[in-house]
Every structure is written in structure tokens, then in C-alpha cells.
>>> print(open('run_24.pdb').read())   # PDB, C-alpha atoms and all ligand atoms
ATOM      1  CA  MET A   1     -32.971  13.922  42.761
ATOM      2  CA  ILE A   2     -34.102  11.603  45.550
ATOM      3  CA  PRO A   3     -37.780  10.610  45.455
ATOM      4  CA  LYS A   4     -39.631  11.262  48.705
ATOM      5  CA  ARG A   5     -42.118   8.445  48.293
ATOM      6  CA  LEU A   6     -41.885   7.310  51.886
ATOM      7  CA  GLY A   7     -42.377   9.158  55.114
ATOM      8  CA  LEU A   8     -39.244   7.254  56.165
ATOM      9  CA  CYS A   9     -37.370   8.603  53.180
ATOM     10  CA  ALA A  10     -38.380  12.170  53.952
ATOM     11  CA  ARG A  11     -37.429  11.792  57.622
ATOM     12  CA  VAL A  12     -34.096  10.262  56.739
ATOM     13  CA  LEU A  13     -33.190  12.911  54.221
ATOM     14  CA  SER A  14     -33.979  15.741  56.581
ATOM     15  CA  ARG A  15     -31.381  14.453  59.095
ATOM     16  CA  PRO A  16     -27.851  15.863  59.170
ATOM     17  CA  ARG A  17     -25.450  13.743  57.131
ATOM     18  CA  SER A  18     -23.335  12.938  60.217
ATOM     19  CA  SER A  19     -26.308  11.271  61.917
ATOM     20  CA  LEU A  20     -26.992   9.233  58.782
ATOM     21  CA  LEU A  21     -23.436   7.954  58.685
ATOM     22  CA  SER A  22     -23.429   7.075  62.346
ATOM     23  CA  ARG A  23     -26.260   4.681  61.755
ATOM     24  CA  THR A  24     -24.333   2.255  59.579
ATOM     25  CA  PHE A  25     -22.626  -0.576  61.407
ATOM     26  CA  ALA A  26     -19.014  -1.523  61.223
ATOM     27  CA  THR A  27     -19.437  -5.201  62.030
ATOM     28  CA  GLN A  28     -20.006  -7.528  59.101
ATOM     29  CA  PRO A  29     -21.750 -10.891  59.449
ATOM     30  CA  GLU A  30     -19.399 -13.856  59.420
ATOM     31  CA  LYS A  31     -18.858 -15.468  56.046
ATOM     32  CA  PRO A  32     -18.793 -19.253  55.857
ATOM     33  CA  SER A  33     -15.263 -20.419  55.207
ATOM     34  CA  THR A  34     -15.831 -23.587  53.205
ATOM     35  CA  ALA A  35     -18.470 -25.356  51.171
ATOM     36  CA  THR A  36     -18.857 -27.863  53.990
ATOM     37  CA  GLU A  37     -20.304 -25.221  56.352
ATOM     38  CA  THR A  38     -23.780 -25.999  57.548
ATOM     39  CA  THR A  39     -26.851 -23.846  57.825
ATOM     40  CA  HIS A  40     -30.380 -24.379  59.043
ATOM     41  CA  PHE A  41     -33.220 -25.768  57.004
ATOM     42  CA  GLY A  42     -36.029 -25.336  59.493
ATOM     43  CA  PHE A  43     -34.670 -26.961  62.674
ATOM     44  CA  ARG A  44     -32.302 -29.266  60.779
ATOM     45  CA  ASP A  45     -28.656 -28.497  60.090
ATOM     46  CA  VAL A  46     -27.805 -29.130  56.456
ATOM     47  CA  PRO A  47     -24.776 -28.334  54.265
ATOM     48  CA  ARG A  48     -25.131 -24.781  52.940
ATOM     49  CA  SER A  49     -24.822 -26.099  49.410
ATOM     50  CA  GLU A  50     -27.986 -28.185  49.877
ATOM     51  CA  LYS A  51     -30.374 -25.638  51.368
ATOM     52  CA  GLU A  52     -31.342 -24.025  48.066
ATOM     53  CA  SER A  53     -32.513 -27.268  46.490
ATOM     54  CA  LEU A  54     -34.375 -28.284  49.660
ATOM     55  CA  VAL A  55     -36.201 -24.930  49.623
ATOM     56  CA  LYS A  56     -36.963 -25.411  45.925
ATOM     57  CA  GLU A  57     -38.527 -28.798  46.691
ATOM     58  CA  VAL A  58     -40.740 -27.206  49.347
ATOM     59  CA  PHE A  59     -42.100 -24.515  47.034
ATOM     60  CA  SER A  60     -42.480 -26.831  44.051
ATOM     61  CA  SER A  61     -44.498 -29.096  46.285
ATOM     62  CA  VAL A  62     -46.780 -26.326  47.624
ATOM     63  CA  ALA A  63     -47.013 -24.124  44.481
ATOM     64  CA  SER A  64     -50.458 -25.174  43.259
ATOM     65  CA  LYS A  65     -51.956 -24.874  46.771
ATOM     66  CA  TYR A  66     -49.888 -21.887  47.885
ATOM     67  CA  ASP A  67     -52.575 -19.187  47.677
ATOM     68  CA  VAL A  68     -55.333 -21.309  49.231
ATOM     69  CA  MET A  69     -53.023 -22.405  52.027
ATOM     70  CA  ASN A  70     -51.923 -18.835  52.761
ATOM     71  CA  ASP A  71     -55.538 -17.843  53.307
ATOM     72  CA  ALA A  72     -56.256 -20.926  55.417
ATOM     73  CA  MET A  73     -53.145 -20.680  57.619
ATOM     74  CA  SER A  74     -53.451 -16.968  58.304
ATOM     75  CA  MET A  75     -57.254 -16.812  58.163
ATOM     76  CA  GLY A  76     -56.802 -14.157  55.486
ATOM     77  CA  VAL A  77     -54.607 -11.925  57.626
ATOM     78  CA  HIS A  78     -51.650 -12.136  55.204
ATOM     79  CA  ARG A  79     -53.776 -10.045  52.828
ATOM     80  CA  LEU A  80     -53.990  -7.213  55.377
ATOM     81  CA  TRP A  81     -50.230  -7.273  55.959
ATOM     82  CA  LYS A  82     -49.553  -7.251  52.228
ATOM     83  CA  ASP A  83     -52.015  -4.369  51.694
ATOM     84  CA  GLU A  84     -50.286  -2.406  54.441
ATOM     85  CA  PHE A  85     -46.838  -3.289  53.068
ATOM     86  CA  VAL A  86     -47.616  -2.024  49.577
ATOM     87  CA  SER A  87     -49.670   1.011  50.526
ATOM     88  CA  SER A  88     -46.913   2.187  52.913
ATOM     89  CA  LEU A  89     -44.582   2.363  49.900
ATOM     90  CA  LYS A  90     -47.051   4.483  47.917
ATOM     91  CA  PRO A  91     -45.847   3.058  44.599
ATOM     92  CA  GLY A  92     -46.530   5.075  41.483
ATOM     93  CA  SER A  93     -45.462   8.342  40.026
ATOM     94  CA  VAL A  94     -47.159  11.657  40.493
ATOM     95  CA  LYS A  95     -45.202  13.100  37.551
ATOM     96  CA  VAL A  96     -46.388  12.560  33.985
ATOM     97  CA  GLY A  97     -43.732  10.735  31.986
ATOM     98  CA  LYS A  98     -41.782   9.462  34.997
ATOM     99  CA  VAL A  99     -41.832   5.663  35.122
ATOM    100  CA  THR A 100     -41.446   4.024  38.532
ATOM    101  CA  ARG A 101     -39.535   0.756  38.292
ATOM    102  CA  CYS A 102     -40.102  -1.926  40.929
ATOM    103  CA  ILE A 103     -38.561  -5.321  41.487
ATOM    104  CA  ASP A 104     -40.393  -7.899  43.591
ATOM    105  CA  VAL A 105     -37.952 -10.625  44.575
ATOM    106  CA  ALA A 106     -39.078 -14.068  45.771
ATOM    107  CA  GLY A 107     -42.329 -12.829  44.284
ATOM    108  CA  GLY A 108     -43.907 -16.287  44.040
ATOM    109  CA  THR A 109     -47.477 -16.201  42.802
ATOM    110  CA  GLY A 110     -47.523 -12.417  42.457
ATOM    111  CA  ASP A 111     -49.394 -11.149  45.536
ATOM    112  CA  ILE A 112     -47.095  -8.149  45.938
ATOM    113  CA  ALA A 113     -46.619  -7.370  42.237
ATOM    114  CA  LEU A 114     -50.379  -7.298  41.702
ATOM    115  CA  ARG A 115     -50.910  -5.036  44.691
ATOM    116  CA  ILE A 116     -48.201  -2.627  43.478
ATOM    117  CA  LEU A 117     -49.811  -2.340  40.050
ATOM    118  CA  ASP A 118     -53.324  -1.968  41.503
ATOM    119  CA  TYR A 119     -52.219   0.644  44.021
ATOM    120  CA  ALA A 120     -50.457   2.754  41.376
ATOM    121  CA  ARG A 121     -53.445   2.566  39.027
ATOM    122  CA  GLU A 122     -56.143   3.172  41.632
ATOM    123  CA  LYS A 123     -54.427   5.766  43.824
ATOM    124  CA  LYS A 124     -52.060   7.505  41.414
ATOM    125  CA  ALA A 125     -53.716   6.890  38.026
ATOM    126  CA  ASP A 126     -50.345   5.429  37.017
ATOM    127  CA  ARG A 127     -50.464   2.823  34.243
ATOM    128  CA  ASP A 128     -46.758   3.096  33.427
ATOM    129  CA  ILE A 129     -45.227   1.687  36.607
ATOM    130  CA  THR A 130     -43.457  -1.630  36.014
ATOM    131  CA  VAL A 131     -42.722  -4.637  38.213
ATOM    132  CA  ASP A 132     -40.083  -7.265  37.525
ATOM    133  CA  LEU A 133     -41.180 -10.330  39.448
ATOM    134  CA  VAL A 134     -38.244 -12.620  40.254
ATOM    135  CA  ASP A 135     -38.389 -16.050  41.863
ATOM    136  CA  ILE A 136     -36.032 -19.005  41.973
ATOM    137  CA  ASN A 137     -38.878 -21.457  41.516
ATOM    138  CA  PRO A 138     -40.477 -21.847  38.065
ATOM    139  CA  ASP A 139     -43.477 -23.663  39.574
ATOM    140  CA  MET A 140     -44.334 -20.678  41.776
ATOM    141  CA  LEU A 141     -43.861 -18.321  38.823
ATOM    142  CA  LYS A 142     -46.153 -20.455  36.658
ATOM    143  CA  GLU A 143     -48.921 -20.039  39.250
ATOM    144  CA  GLY A 144     -48.266 -16.299  39.201
ATOM    145  CA  GLN A 145     -48.455 -16.153  35.415
ATOM    146  CA  LYS A 146     -51.736 -18.115  35.463
ATOM    147  CA  ARG A 147     -53.135 -15.600  37.888
ATOM    148  CA  PHE A 148     -51.978 -12.552  35.911
ATOM    149  CA  ARG A 149     -53.656 -13.964  32.787
ATOM    150  CA  LYS A 150     -56.970 -13.108  34.454
ATOM    151  CA  THR A 151     -55.980  -9.483  35.046
ATOM    152  CA  MET A 152     -55.771  -6.357  32.894
ATOM    153  CA  TYR A 153     -51.975  -6.485  33.195
ATOM    154  CA  HIS A 154     -51.694  -9.675  31.172
ATOM    155  CA  GLY A 155     -49.576  -9.087  28.082
ATOM    156  CA  SER A 156     -48.779  -5.513  29.118
ATOM    157  CA  PRO A 157     -45.198  -4.272  29.594
ATOM    158  CA  GLN A 158     -46.085  -3.461  33.207
ATOM    159  CA  VAL A 159     -45.116  -6.900  34.513
ATOM    160  CA  ALA A 160     -42.363  -9.366  33.622
ATOM    161  CA  PHE A 161     -41.579 -12.746  35.185
ATOM    162  CA  HIS A 162     -37.999 -13.919  35.697
ATOM    163  CA  VAL A 163     -36.503 -17.072  37.141
ATOM    164  CA  GLY A 164     -33.664 -15.798  39.282
ATOM    165  CA  ASN A 165     -31.840 -16.102  42.576
ATOM    166  CA  ALA A 166     -32.191 -13.262  45.094
ATOM    167  CA  GLN A 167     -28.597 -13.859  46.170
ATOM    168  CA  ASP A 168     -27.221 -13.277  42.700
ATOM    169  CA  LEU A 169     -29.661 -11.518  40.393
ATOM    170  CA  GLY A 170     -26.998 -11.111  37.717
ATOM    171  CA  LYS A 171     -25.684  -7.776  36.468
ATOM    172  CA  ASP A 172     -26.638  -8.463  32.854
ATOM    173  CA  ARG A 173     -30.324  -8.978  33.485
ATOM    174  CA  PHE A 174     -30.593  -6.661  36.490
ATOM    175  CA  PRO A 175     -28.055  -3.847  36.157
ATOM    176  CA  ASP A 176     -26.854  -1.560  38.953
ATOM    177  CA  ASN A 177     -28.954   1.472  39.960
ATOM    178  CA  THR A 178     -32.099   0.412  38.090
ATOM    179  CA  TYR A 179     -35.040   0.301  40.477
ATOM    180  CA  ASP A 180     -36.979   2.798  42.591
ATOM    181  CA  ILE A 181     -38.493   0.128  44.861
ATOM    182  CA  TYR A 182     -37.252  -3.347  45.842
ATOM    183  CA  THR A 183     -39.745  -5.569  47.662
ATOM    184  CA  ILE A 184     -39.351  -9.018  49.179
ATOM    185  CA  ALA A 185     -42.240 -10.587  51.102
ATOM    186  CA  PHE A 186     -41.950 -13.803  53.099
ATOM    187  CA  GLY A 187     -39.008 -14.744  50.892
ATOM    188  CA  ILE A 188     -35.757 -13.728  52.531
ATOM    189  CA  ARG A 189     -35.901 -16.242  55.388
ATOM    190  CA  ASN A 190     -35.778 -19.013  52.783
ATOM    191  CA  CYS A 191     -32.508 -17.769  51.328
ATOM    192  CA  THR A 192     -29.208 -19.321  52.386
ATOM    193  CA  ASP A 193     -27.200 -16.087  52.373
ATOM    194  CA  ILE A 194     -29.217 -13.122  53.645
ATOM    195  CA  PRO A 195     -26.322 -10.605  53.441
ATOM    196  CA  ALA A 196     -25.906 -11.548  49.757
ATOM    197  CA  VAL A 197     -29.618 -10.850  49.140
ATOM    198  CA  LEU A 198     -29.327  -7.457  50.830
ATOM    199  CA  SER A 199     -26.217  -6.583  48.905
ATOM    200  CA  GLU A 200     -27.941  -7.418  45.593
ATOM    201  CA  ALA A 201     -30.930  -5.308  46.654
ATOM    202  CA  TYR A 202     -28.587  -2.409  47.333
ATOM    203  CA  ARG A 203     -26.850  -2.854  43.997
ATOM    204  CA  VAL A 204     -29.980  -2.844  41.825
ATOM    205  CA  LEU A 205     -31.673   0.101  43.588
ATOM    206  CA  LYS A 206     -31.155   3.636  42.317
ATOM    207  CA  PRO A 207     -29.784   6.185  44.782
ATOM    208  CA  GLY A 208     -32.852   7.228  46.758
ATOM    209  CA  GLY A 209     -34.459   3.847  46.078
ATOM    210  CA  VAL A 210     -36.316   2.016  48.820
ATOM    211  CA  PHE A 211     -35.782  -1.532  50.094
ATOM    212  CA  ALA A 212     -38.826  -3.056  51.803
ATOM    213  CA  CYS A 213     -39.160  -6.474  53.368
ATOM    214  CA  LEU A 214     -42.255  -8.097  54.846
ATOM    215  CA  GLU A 215     -41.337 -11.154  56.878
ATOM    216  CA  PHE A 216     -42.467 -13.233  59.826
ATOM    217  CA  SER A 217     -40.774 -12.001  62.935
ATOM    218  CA  LYS A 218     -40.575 -12.285  66.712
ATOM    219  CA  VAL A 219     -43.602 -11.830  68.944
ATOM    220  CA  THR A 220     -42.579 -10.032  72.111
ATOM    221  CA  GLN A 221     -45.778 -10.131  74.158
ATOM    222  CA  PRO A 222     -45.536 -13.432  76.171
ATOM    223  CA  VAL A 223     -49.223 -14.464  76.075
ATOM    224  CA  LEU A 224     -49.520 -13.789  72.350
ATOM    225  CA  ALA A 225     -46.156 -15.535  71.791
ATOM    226  CA  SER A 226     -47.363 -18.673  73.557
ATOM    227  CA  LEU A 227     -50.706 -18.780  71.690
ATOM    228  CA  TYR A 228     -48.935 -18.178  68.393
ATOM    229  CA  GLU A 229     -46.388 -20.925  69.163
ATOM    230  CA  GLN A 230     -49.128 -23.450  69.824
ATOM    231  CA  TYR A 231     -51.086 -22.426  66.742
ATOM    232  CA  SER A 232     -48.006 -22.568  64.494
ATOM    233  CA  PHE A 233     -46.739 -25.963  65.557
ATOM    234  CA  SER A 234     -50.048 -27.789  65.865
ATOM    235  CA  VAL A 235     -52.518 -26.175  63.463
ATOM    236  CA  ILE A 236     -50.357 -25.210  60.480
ATOM    237  CA  PRO A 237     -48.742 -28.624  59.811
ATOM    238  CA  LEU A 238     -52.199 -30.191  60.288
ATOM    239  CA  LEU A 239     -53.716 -27.828  57.710
ATOM    240  CA  GLY A 240     -50.813 -28.729  55.426
ATOM    241  CA  THR A 241     -51.722 -32.403  55.753
ATOM    242  CA  ILE A 242     -55.450 -31.889  55.241
ATOM    243  CA  LEU A 243     -55.508 -29.224  52.519
ATOM    244  CA  ALA A 244     -52.277 -29.870  50.660
ATOM    245  CA  GLY A 245     -51.397 -33.465  51.601
ATOM    246  CA  ASP A 246     -47.971 -32.178  52.622
ATOM    247  CA  ARG A 247     -47.134 -31.938  56.306
ATOM    248  CA  ALA A 248     -43.351 -31.719  55.912
ATOM    249  CA  SER A 249     -43.365 -28.540  53.806
ATOM    250  CA  TYR A 250     -45.570 -26.691  56.278
ATOM    251  CA  GLN A 251     -43.516 -27.953  59.206
ATOM    252  CA  TYR A 252     -40.478 -26.418  57.444
ATOM    253  CA  LEU A 253     -42.316 -23.112  56.933
ATOM    254  CA  VAL A 254     -43.093 -22.857  60.646
ATOM    255  CA  GLU A 255     -39.572 -23.847  61.695
ATOM    256  CA  SER A 256     -37.969 -21.416  59.248
ATOM    257  CA  ILE A 257     -39.907 -18.575  60.891
ATOM    258  CA  ARG A 258     -38.365 -19.446  64.263
ATOM    259  CA  LYS A 259     -34.860 -19.443  62.801
ATOM    260  CA  PHE A 260     -35.175 -15.964  61.279
ATOM    261  CA  PRO A 261     -33.354 -13.139  63.137
ATOM    262  CA  SER A 262     -35.164 -10.769  65.469
ATOM    263  CA  GLN A 263     -36.443  -7.421  64.193
ATOM    264  CA  GLN A 264     -33.399  -5.632  65.571
ATOM    265  CA  GLU A 265     -30.828  -8.130  64.279
ATOM    266  CA  PHE A 266     -32.389  -8.016  60.823
ATOM    267  CA  ALA A 267     -32.441  -4.200  60.848
ATOM    268  CA  ARG A 268     -28.693  -4.298  61.621
ATOM    269  CA  MET A 269     -28.113  -6.593  58.669
ATOM    270  CA  ILE A 270     -29.973  -4.150  56.403
ATOM    271  CA  ALA A 271     -27.856  -1.291  57.749
ATOM    272  CA  ASN A 272     -24.698  -3.357  57.220
ATOM    273  CA  ALA A 273     -25.638  -3.723  53.566
ATOM    274  CA  GLY A 274     -25.396   0.067  53.294
ATOM    275  CA  PHE A 275     -29.007   1.138  53.745
ATOM    276  CA  GLU A 276     -30.117   3.976  55.971
ATOM    277  CA  VAL A 277     -32.630   2.362  58.283
ATOM    278  CA  GLY A 278     -33.580   4.901  60.934
ATOM    279  CA  GLU A 279     -33.720   4.181  64.662
ATOM    280  CA  LEU A 280     -33.364   0.513  65.645
ATOM    281  CA  GLU A 281     -36.831   0.231  67.115
ATOM    282  CA  ASP A 282     -40.439  -0.473  66.192
ATOM    283  CA  GLY A 283     -41.648   2.581  64.294
ATOM    284  CA  GLY A 284     -38.087   3.324  63.112
ATOM    285  CA  ALA A 285     -36.232   0.647  61.150
ATOM    286  CA  TRP A 286     -39.285  -1.610  61.166
ATOM    287  CA  ARG A 287     -42.999  -1.671  61.897
ATOM    288  CA  ASP A 288     -44.448  -4.700  63.651
ATOM    289  CA  GLN A 289     -47.680  -6.155  62.353
ATOM    290  CA  TRP A 290     -49.918  -7.929  64.834
ATOM    291  CA  GLY A 291     -47.511  -7.790  67.765
ATOM    292  CA  GLY A 292     -44.503  -8.864  65.682
ATOM    293  CA  ILE A 293     -46.012 -11.953  64.041
ATOM    294  CA  ALA A 294     -44.818 -10.173  60.928
ATOM    295  CA  SER A 295     -42.834  -7.004  60.479
ATOM    296  CA  ILE A 296     -42.044  -4.551  57.717
ATOM    297  CA  HIS A 297     -38.415  -3.441  57.464
ATOM    298  CA  THR A 298     -37.391  -0.598  55.207
ATOM    299  CA  GLY A 299     -34.125   0.991  54.194
ATOM    300  CA  VAL A 300     -33.115   3.729  51.802
ATOM    301  CA  LYS A 301     -30.098   3.659  49.500
ATOM    302  CA  LEU A 302     -28.703   7.112  49.935
ATOM    303  CA  ALA A 303     -25.713   7.303  47.625
TER
HETATM  304  C1  LIG A 401     -43.367 -17.882  51.085
HETATM  305  S1  LIG A 401     -43.123 -17.589  49.383
HETATM  306  C2  LIG A 401     -43.537 -15.880  49.212
HETATM  307  C3  LIG A 401     -44.153 -15.538  47.891
HETATM  308  C4  LIG A 401     -44.704 -14.119  47.786
HETATM  309  N1  LIG A 401     -43.661 -13.137  47.937
HETATM  310  C5  LIG A 401     -45.798 -13.888  48.784
HETATM  311  O1  LIG A 401     -45.617 -13.025  49.650
HETATM  312  O2  LIG A 401     -46.826 -14.541  48.711
HETATM  313  C6  LIG A 401     -41.383 -17.604  49.272
HETATM  314  C7  LIG A 401     -40.857 -17.548  47.865
HETATM  315  O3  LIG A 401     -39.450 -17.340  47.920
HETATM  316  C8  LIG A 401     -38.887 -18.027  46.809
HETATM  317  N2  LIG A 401     -37.442 -18.173  47.021
HETATM  318  C9  LIG A 401     -36.817 -18.948  47.941
HETATM  319  N3  LIG A 401     -35.485 -18.801  47.840
HETATM  320  C10 LIG A 401     -35.259 -17.905  46.849
HETATM  321  C11 LIG A 401     -34.086 -17.335  46.278
HETATM  322  N4  LIG A 401     -32.857 -17.658  46.714
HETATM  323  N5  LIG A 401     -34.234 -16.433  45.273
HETATM  324  C12 LIG A 401     -35.455 -16.105  44.805
HETATM  325  N6  LIG A 401     -36.604 -16.625  45.310
HETATM  326  C13 LIG A 401     -36.510 -17.498  46.319
HETATM  327  C14 LIG A 401     -39.660 -19.314  46.766
HETATM  328  O4  LIG A 401     -39.518 -19.985  45.547
HETATM  329  C15 LIG A 401     -41.078 -18.815  47.045
HETATM  330  O5  LIG A 401     -41.761 -18.518  45.873
END
>>> encode(input="run_24.pdb", output="C-alpha cells")
Amino acid sequence: MIPKRLGLCARVLSRPRSSLLSRTFATQPEKPSTATETTHFGFRDVPRSEKESLVKEVFSSVASKYDVMNDAMSMGVHRLWKDEFVSSLKPGSVKVGKVTRCIDVAGGTGDIALRILDYAREKKADRDITVDLVDINPDMLKEGQKRFRKTMYHGSPQVAFHVGNAQDLGKDRFPDNTYDIYTIAFGIRNCTDIPAVLSEAYRVLKPGGVFACLEFSKVTQPVLASLYEQYSFSVIPLLGTILAGDRASYQYLVESIRKFPSQQEFARMIANAGFEVGELEDGGAWRDQWGGIASIHTGVKLA
């Protein structure tokens, strides 16, 4: 039985099967041939094998200031996007005895996990839903654990923290067909191998499960794009210097946003991983937030 927790899901499932199949894409992204291949780390080219540790350094360096900096850099707007992201998924069961299982990957300090649990409790009276919060960086997870200690979920089986890599979650700890909802917010652009992340997401979701990604994206409106460009490259690294004493990490964050694929390219990658994504346009495979500064991509695992 496929849960109809999303409008997207319901729309997708009401389409004829032939139209669903036609929306997967035959082309696969190129695989790097050798370990000496390079990739981007912000605007720098680095060996693929080094990116992961460089990203780890960034998040270890910003972990203790991460939440404060997020509010300062976005003037609190990231909270609105995250609220919208989680409420659009409508997490939580309406059936007594049915436990909804969520996995929040690159979950960092727990912004999404906490919202999922709060939404389910407040809107669905669901205190059984669970979230496995996975992040590659123990320093970010420690900040998340500190934060959860102050909440009613502390010590409950509703949340568990795991050090893990989005690209290879591991079949033993995260078996196939386990989760109803997979979320990843502002995490996937930091990963070296995005197709590997998507393929792991597909593997761990149950049939009918929903993949949802909130990520910085491409602004299409030229005036907004130019203002945003100036703000990103002058204000954000400056705030990093003043508030966190770390310009380089925030310079990387801004550069990594520019290197991330467009909404449409990313939607194709999600479809290539096997997900049904809907029409390749705003309102279909993704929903832009604030003119595309961020966007929410979703996909459904059908089989
Ligand atoms: C910008 S933070 C986002 C944290 C949180 N999701 C949020 O929205 O506030 C990015 C997170 O991705 C994590 N990350 C980067 N590469 C990862 C990987 N390969 N696997 C798992 N987590 C990763 C980082 O450690 C960091 O905590």
C-alpha cells in the first residue's frame, strides 16, 4: 500500500503507468574513471579523494557557531524554508499503530529532525514517528545532541544520531526499503558523489517512500540574482569573519552554492536515480523558495 502523504505522491500515482515510466531518463551521469579525477571544492579543483576531508574540516570548524551563523546569514529566513520543507511532507501517521520512519541525512545540528518530530506531534498527535539523524561530522552531531537534550525527545526512541556518509549509508545499519521519508537539507551540495547519495536514498526508502531535498539553488530573476550575488560574496564571508572568526569556511559555503546544479539538472539526477519526479518545472519536480535562492525537490520511489 503506497502512502499518499504528499500531494505530489497522490498526483503521481493517479497518472497512467506509461507516463510515469516516460519520465525516467536514460542518460546516466559520467562516473570518474580514476582516483586522480578532480572535483570542485567551492571554486577550487581538488582531487575527488580529498573533498570529503576538506568538507569535514569546514563543518568541524563552524559546528559550534553553525546555528547562530545560519540565523545571521539568512536573517532568519532559513527557518521559514525549513518550516515549509517539513510541513509540505506532512510527516506523521494518521493511523493508530502505524509508525512513520524518517531518515534525515546530513542532518547536522538537527533543525529538520526537530521540525519533523514537532510537526507530527502538534499536527497529527503522533508520538511514535522516528527520525534517524545521520551526519558525517561528529562535531555537528554533538551540537545536535546538545540541543535535543533540552527537548522532550531527549532519551526517547523517537530520535537516534548516527555518524555516517550519505554516499554509503551501509546496508547493515540502514537496510533496504526501511524508511517512509528521506530528507536532506543543505547537505547534498557538500557531497562528492551526488548520484551515489541519490542511489542510497532510493535504496533505503520503502516503495511509496518520499525523497525530499532542500538546497540552495539558482535565482532566475536578473535583479534578484545580482543583489543576491553581491550579498553572498561580500556580506556572508564578512559575517563569517566577525561572528565565527572563520572567513574561509563561509567563502566555501557561498562558492559551493554556485557550483550546485540548476533546479532542472538536479531534478534529472533525481529521476536518473529511479524516482518519479513529476514535470521538470517549478511546481512539478521542485518548488522554488524566494525566487530560487533555495528550492525543494521531491521524488517518490514507486516500486
Ligand atoms: C549546511 S549543513 C546542513 C545541516 C542541516 N541539515 C541543516 O539544514 O541545518 C551540511 C551538513 O552536511 C554534512 N555532510 C557533508 N557531507 C556529508 C556526507 N557525505 N554524508 C553525510 N553528511 C555530510 C555536514 O557535516 C553538515 O553537517
>>> resolve_selection(input="run_24.pdb", expression="the PyMOL selection byres (((chain A and resi 120-131) around 8) and not hetatm)", output="PyMOL selection string")
chain A and resi 90-94+99-104+113+116-119+132-133+157-160
>>> residues_around(input="run_24.pdb", residues="range 200-212 of chain A", least_positions_apart="2", cutoff="6 Å", atoms="all atoms listed in the file", output="list in words")
Ile2, Asp176, Asn177, Thr178, Tyr179, Asp180, Ile181, Tyr182, Thr183, Val197, Leu198, His297, Thr298, Gly299, Val300, Lys301, Leu302 and Ala303 of chain A
>>> residues_around(input="run_24.pdb", residues="Glu255 in chain A", least_positions_apart="4", cutoff="10 Å", atoms="only C-alpha atoms", output="VMD selection string")
chain A and resid 40 to 44 232 to 233 249 to 251 259 to 260
>>> closest_residue(input="run_24.pdb", among="A:Glu52, A:Asp111, A:Asp83, A:Asp246", to="Asn165 in chain A", atoms="only C-alpha atoms")
A:Glu52
>>> axis_aligned_box(input="run_24.pdb", around="range 97-104 of chain A", padding_each_side="8 Å", output="AutoDock Vina command-line options")
--center_x -41.1 --center_y 1.4 --center_z 37.8 --size_x 21.2 --size_y 34.6 --size_z 27.6
